[in-house]
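*Asks:* Have a look at the structure that comes next, please.
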Amino acid sequence: MKKIKLPLEMSNGALVRTLDELKENWDLEKIINYYLNEKLLTWLNDRYYTELAEKVSALNSITDNTELQKQLCGIFEIEAEDNFVDVEGIAERNRRLEILRQYTADDAIIKNVDKVAFNQEELADLLDEGETVIYLCDNKFSISLSVTGKKYIGLGDVEIQVNSKDFVDLSLIHI
């Protein structure tokens with residue numbers, strides 16, 4: 001049985017299958033993402049780039065993010081950029097995606113992982129950012145009726161608390 005060698009998708013939409021294609025479509029943020037979730041290592045091993053795979057694997061001991069990015073660029077003979085990416089931000093986004101995938105496989109929702117609130121503080125941040133569609137994931141949330149023009153979509157076991165002295169017609173609120 002022949003093993004399927006999946007390509008890496010870059011930000012420009014290119015599906016890279018070869019080392020030359022990877023270099024032509026180099027995107028440091030995507031490469032860091034693939035490094036962190038180990039898809040880069042799998043991709044290299046699947047294509048028998050053993051030497052490169054060993055070099056990438058050896059980067060696990062590097063704790064300095066700038067040095068990690070320089071080393072990755074060096075392994076693939078790419079000139080290191082002055083603008084380095086936020087490795088912790090990418091790792092956090094990957095963590096959020098992993099949690100989100102436990103509740104949905106819907107690509108439209110997964111692509112909007114930055115609009116998902118896992119707790120009340122994240123909900124407040126999304127409201128402050130002016131998001132109009134907010135996904136609430138498996139938690140208890142307090143919704144203010146003074147904040148209007150928002151659509152809330154629940155994922156998992158979501159409990160909504162609405163505080164009001166007056167009668168509230170929930171059919172008029174997008175929850």
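If you're wondering about the labels, chains in the structure tokens are A, B, ... by order shown, residues count from 1 in each chain, ligands from 1 in order shown.
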Considering only C-alpha atoms, return as an MDAnalysis selection string whatever protein or nucleic-acid residues lie within 7 Å of segment 26-30 of chain A, sequence-local ones (same chain, fewer than 2 positions apart) excluded.

*Replies:* chainID A and resid 10:11 22:24 32:34 85

*Asks:* Can you pull out every residue within 6 Å of Lys70 of chain A, counting only C-alpha atoms, but drop anything in the same chain fewer than 3 positions away, and send it as an mmCIF file with N, CA, C and O atoms, in the first residue's frame?

*Replies:*
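What landed in around_39.cif:
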```cif
data_model
loop_
_atom_site.group_PDB
_atom_site.id
_atom_site.type_symbol
_atom_site.label_atom_id
_atom_site.label_comp_id
_atom_site.auth_asym_id
_atom_site.auth_seq_id
_atom_site.Cartn_x
_atom_site.Cartn_y
_atom_site.Cartn_z
ATOM 1 N N GLU A 67 16.174 32.825 17.853
ATOM 2 C CA GLU A 67 17.191 31.854 17.430
ATOM 3 C C GLU A 67 16.540 30.673 16.712
ATOM 4 O O GLU A 67 17.056 30.190 15.697
ATOM 5 N N CYS A 73 15.257 28.985 9.253
ATOM 6 C CA CYS A 73 15.576 29.601 7.961
ATOM 7 C C CYS A 73 16.893 29.051 7.432
ATOM 8 O O CYS A 73 17.010 28.735 6.240
ATOM 9 N N ALA A 80 17.133 34.802 6.719
ATOM 10 C CA ALA A 80 16.292 35.127 7.869
ATOM 11 C C ALA A 80 15.757 36.544 7.752
ATOM 12 O O ALA A 80 16.477 37.467 7.367
#
```

*Asks:* Residues near Tyr35 of chain A, anyone? I mean within 12 Å using only C-alpha atoms, not counting same-chain ones fewer than 3 positions away, as a list in words.

*Replies:*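 Neighbouring residues, sequence-local ones excluded: Leu8, Leu28, Glu29, Lys30, Ile31, Ile32, Glu38, Lys39, Leu40, Leu41, Thr42, Trp43, Leu44, Ala53, Lys55, Val56, Ser57, Ala58, Leu59, Asn60, Leu68, Gln69, Gln71, Leu72, Cys73, Val87, Ile90, Ala91 and Asn94 of chain A.
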
*Asks:* Create the file for the chosen residues now, containing N, CA, C and O atoms and written as a compact mmCIF listing (two decimals), in the first residue's frame.

*Replies:*
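What ended up in result_1.txt:
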```
# COMPACT_ATOMS: atom_id res chain seq x y z
N LEU A 8 2.02 20.62 2.24
CA LEU A 8 1.83 21.68 3.23
C LEU A 8 1.16 22.84 2.52
O LEU A 8 1.57 23.22 1.41
N LEU A 28 7.34 32.11 6.84
CA LEU A 28 7.91 31.78 8.14
C LEU A 28 6.83 31.46 9.17
O LEU A 28 6.97 30.50 9.95
N GLU A 29 5.73 32.21 9.18
CA GLU A 29 4.67 31.94 10.16
C GLU A 29 4.09 30.54 9.96
O GLU A 29 3.87 29.81 10.92
N LYS A 30 3.83 30.16 8.71
CA LYS A 30 3.29 28.82 8.44
C LYS A 30 4.32 27.75 8.80
O LYS A 30 3.97 26.71 9.36
N ILE A 31 5.58 28.00 8.47
CA ILE A 31 6.63 27.03 8.79
C ILE A 31 6.75 26.83 10.30
O ILE A 31 6.85 25.70 10.77
N ILE A 32 6.69 27.92 11.06
CA ILE A 32 6.72 27.82 12.52
C ILE A 32 5.51 27.01 13.01
O ILE A 32 5.65 26.13 13.87
N GLU A 38 4.39 19.61 14.47
CA GLU A 38 5.19 18.50 13.97
C GLU A 38 4.83 18.04 12.57
O GLU A 38 5.30 17.00 12.10
N LYS A 39 4.01 18.81 11.85
CA LYS A 39 3.70 18.46 10.47
C LYS A 39 4.91 18.67 9.56
O LYS A 39 5.06 17.97 8.56
N LEU A 40 5.76 19.63 9.90
CA LEU A 40 6.96 19.87 9.11
C LEU A 40 7.87 18.64 9.16
O LEU A 40 8.36 18.18 8.13
N LEU A 41 8.06 18.11 10.34
CA LEU A 41 8.90 16.92 10.51
C LEU A 41 8.32 15.73 9.75
O LEU A 41 9.04 15.01 9.04
N THR A 42 7.01 15.54 9.84
CA THR A 42 6.34 14.46 9.11
C THR A 42 6.50 14.66 7.61
O THR A 42 6.80 13.71 6.88
N TRP A 43 6.31 15.89 7.15
CA TRP A 43 6.43 16.22 5.73
C TRP A 43 7.83 15.88 5.23
O TRP A 43 7.99 15.29 4.17
N LEU A 44 8.84 16.26 5.99
CA LEU A 44 10.22 15.98 5.60
C LEU A 44 10.50 14.48 5.57
O LEU A 44 11.09 13.96 4.61
N ALA A 53 15.26 16.56 8.24
CA ALA A 53 14.39 16.16 9.34
C ALA A 53 15.17 16.08 10.65
O ALA A 53 14.70 16.51 11.70
N LYS A 55 17.90 17.75 11.38
CA LYS A 55 18.25 19.12 11.78
C LYS A 55 17.04 19.81 12.42
O LYS A 55 17.19 20.51 13.42
N VAL A 56 15.87 19.62 11.82
CA VAL A 56 14.65 20.23 12.39
C VAL A 56 14.35 19.63 13.75
O VAL A 56 14.02 20.34 14.70
N SER A 57 14.51 18.33 13.88
CA SER A 57 14.25 17.65 15.15
C SER A 57 15.19 18.15 16.25
O SER A 57 14.80 18.27 17.40
N ALA A 58 16.42 18.48 15.87
CA ALA A 58 17.42 18.96 16.84
C ALA A 58 17.08 20.34 17.38
O ALA A 58 17.64 20.77 18.39
N LEU A 59 16.15 21.05 16.74
CA LEU A 59 15.78 22.40 17.20
C LEU A 59 14.97 22.38 18.49
O LEU A 59 14.78 23.43 19.11
N ASN A 60 14.49 21.23 18.90
CA ASN A 60 13.65 21.13 20.11
C ASN A 60 14.34 21.68 21.35
O ASN A 60 13.67 22.10 22.29
N LEU A 68 15.40 30.22 17.20
CA LEU A 68 14.67 29.12 16.56
C LEU A 68 14.33 29.49 15.12
O LEU A 68 14.54 28.70 14.19
N GLN A 69 13.82 30.69 14.93
CA GLN A 69 13.43 31.12 13.59
C GLN A 69 14.65 31.27 12.67
O GLN A 69 14.59 30.87 11.50
N GLN A 71 17.45 29.59 12.93
CA GLN A 71 17.92 28.23 12.64
C GLN A 71 17.04 27.54 11.60
O GLN A 71 17.54 26.88 10.70
N LEU A 72 15.72 27.71 11.71
CA LEU A 72 14.81 27.13 10.73
C LEU A 72 15.09 27.68 9.33
O LEU A 72 15.16 26.92 8.36
N CYS A 73 15.26 28.98 9.25
CA CYS A 73 15.58 29.60 7.96
C CYS A 73 16.89 29.05 7.43
O CYS A 73 17.01 28.73 6.24
N VAL A 87 5.99 33.23 18.15
CA VAL A 87 5.92 31.78 18.33
C VAL A 87 4.91 31.42 19.42
O VAL A 87 4.12 30.48 19.26
N ILE A 90 1.43 31.67 18.02
CA ILE A 90 1.10 30.54 17.16
C ILE A 90 0.80 29.30 18.01
O ILE A 90 -0.16 28.57 17.75
N ALA A 91 1.61 29.07 19.03
CA ALA A 91 1.39 27.92 19.91
C ALA A 91 0.04 28.04 20.63
O ALA A 91 -0.69 27.04 20.76
N ASN A 94 -2.73 27.25 18.19
CA ASN A 94 -2.79 25.80 18.00
C ASN A 94 -3.50 25.12 19.16
O ASN A 94 -4.28 24.18 18.97
```

*Asks:* Please, which residues of segment 41-166 of chain A, numbered as in this document, come out alpha helix (DSSP H) from DSSP, as JSON, numbers by chain?

*Replies:* {"A": [41, 42, 43, 44, 45, 46, 50, 51, 52, 53, 54, 55, 56, 57, 65, 66, 67, 68, 69, 70, 71, 72, 73, 74, 75, 87, 88, 89, 90, 91, 92, 93, 94, 95, 96, 97, 98, 99, 100, 107, 108, 109, 110, 120, 121, 122, 123, 124, 125, 126, 127, 128]}

*Asks:* Which residue, A:Leu52, A:Leu19, A:Ile78, A:Ala117, has the smallest gap to Phe141 of chain A when you use only C-alpha atoms?

*Replies:*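 Distance minimum relative to Phe141 of chain A lands on A:Ala117.
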
*Asks:* To test your reading of the structure, identify every residue in segment 15-156 of chain A that backbone DSSP assigns to strand (DSSP E), and report it as number ranges by chain.

*Replies:* A: 15-16, 116-117, 133-137, 140-143, 151-155

*Asks:* How would the residues just chosen look if you wrote them out with N, CA and C atoms as a compact mmCIF listing (two decimals), in the first residue's frame?

*Replies:*
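After the write, out-v1.txt holds the following:
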```txt
# COMPACT_ATOMS: atom_id res chain seq x y z
N LEU A 15 0.08 24.64 -2.42
CA LEU A 15 0.27 23.35 -1.78
C LEU A 15 1.65 22.86 -2.16
N VAL A 16 2.56 22.82 -1.19
CA VAL A 16 3.94 22.47 -1.49
C VAL A 16 4.18 20.98 -1.25
N VAL A 116 -13.73 32.84 19.01
CA VAL A 116 -14.27 31.90 19.98
C VAL A 116 -13.88 32.32 21.38
N ALA A 117 -14.88 32.36 22.26
CA ALA A 117 -14.62 32.66 23.67
C ALA A 117 -14.75 31.36 24.46
N VAL A 133 -20.11 38.47 15.44
CA VAL A 133 -20.46 37.06 15.61
C VAL A 133 -19.42 36.46 16.55
N ILE A 134 -19.91 35.90 17.65
CA ILE A 134 -19.01 35.35 18.67
C ILE A 134 -19.45 33.93 18.99
N TYR A 135 -18.50 33.02 18.97
CA TYR A 135 -18.77 31.62 19.32
C TYR A 135 -18.43 31.44 20.79
N LEU A 136 -19.38 30.89 21.53
CA LEU A 136 -19.19 30.63 22.95
C LEU A 136 -18.97 29.13 23.12
N CYS A 137 -17.89 28.74 23.75
CA CYS A 137 -17.53 27.32 23.82
C CYS A 137 -17.56 26.77 25.23
N LYS A 140 -19.92 28.78 31.04
CA LYS A 140 -21.02 29.63 31.51
C LYS A 140 -20.63 31.07 31.19
N PHE A 141 -21.56 31.80 30.55
CA PHE A 141 -21.27 33.17 30.14
C PHE A 141 -22.38 34.10 30.61
N SER A 142 -21.99 35.31 30.96
CA SER A 142 -22.93 36.35 31.31
C SER A 142 -23.01 37.33 30.13
N ILE A 143 -24.23 37.54 29.63
CA ILE A 143 -24.44 38.40 28.47
C ILE A 143 -25.16 39.66 28.92
N LYS A 151 -24.27 38.44 17.62
CA LYS A 151 -24.84 37.12 17.44
C LYS A 151 -23.94 36.14 18.17
N TYR A 152 -24.51 35.37 19.09
CA TYR A 152 -23.76 34.41 19.87
C TYR A 152 -24.13 33.01 19.39
N ILE A 153 -23.12 32.18 19.15
CA ILE A 153 -23.33 30.81 18.71
C ILE A 153 -22.66 29.89 19.73
N GLY A 154 -23.44 29.00 20.30
CA GLY A 154 -22.93 28.10 21.33
C GLY A 154 -22.32 26.83 20.74
N LEU A 155 -21.22 26.40 21.33
CA LEU A 155 -20.55 25.16 20.98
C LEU A 155 -20.37 24.35 22.25
```

*Asks:* For a test of reading the model, state the distance in Å between atom CA of Phe84 of chain A and atom CA of Asp114 of chain A, rounded to one decimal.

*Replies:*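 Distance reported for this atom pair: 20.8 Å.
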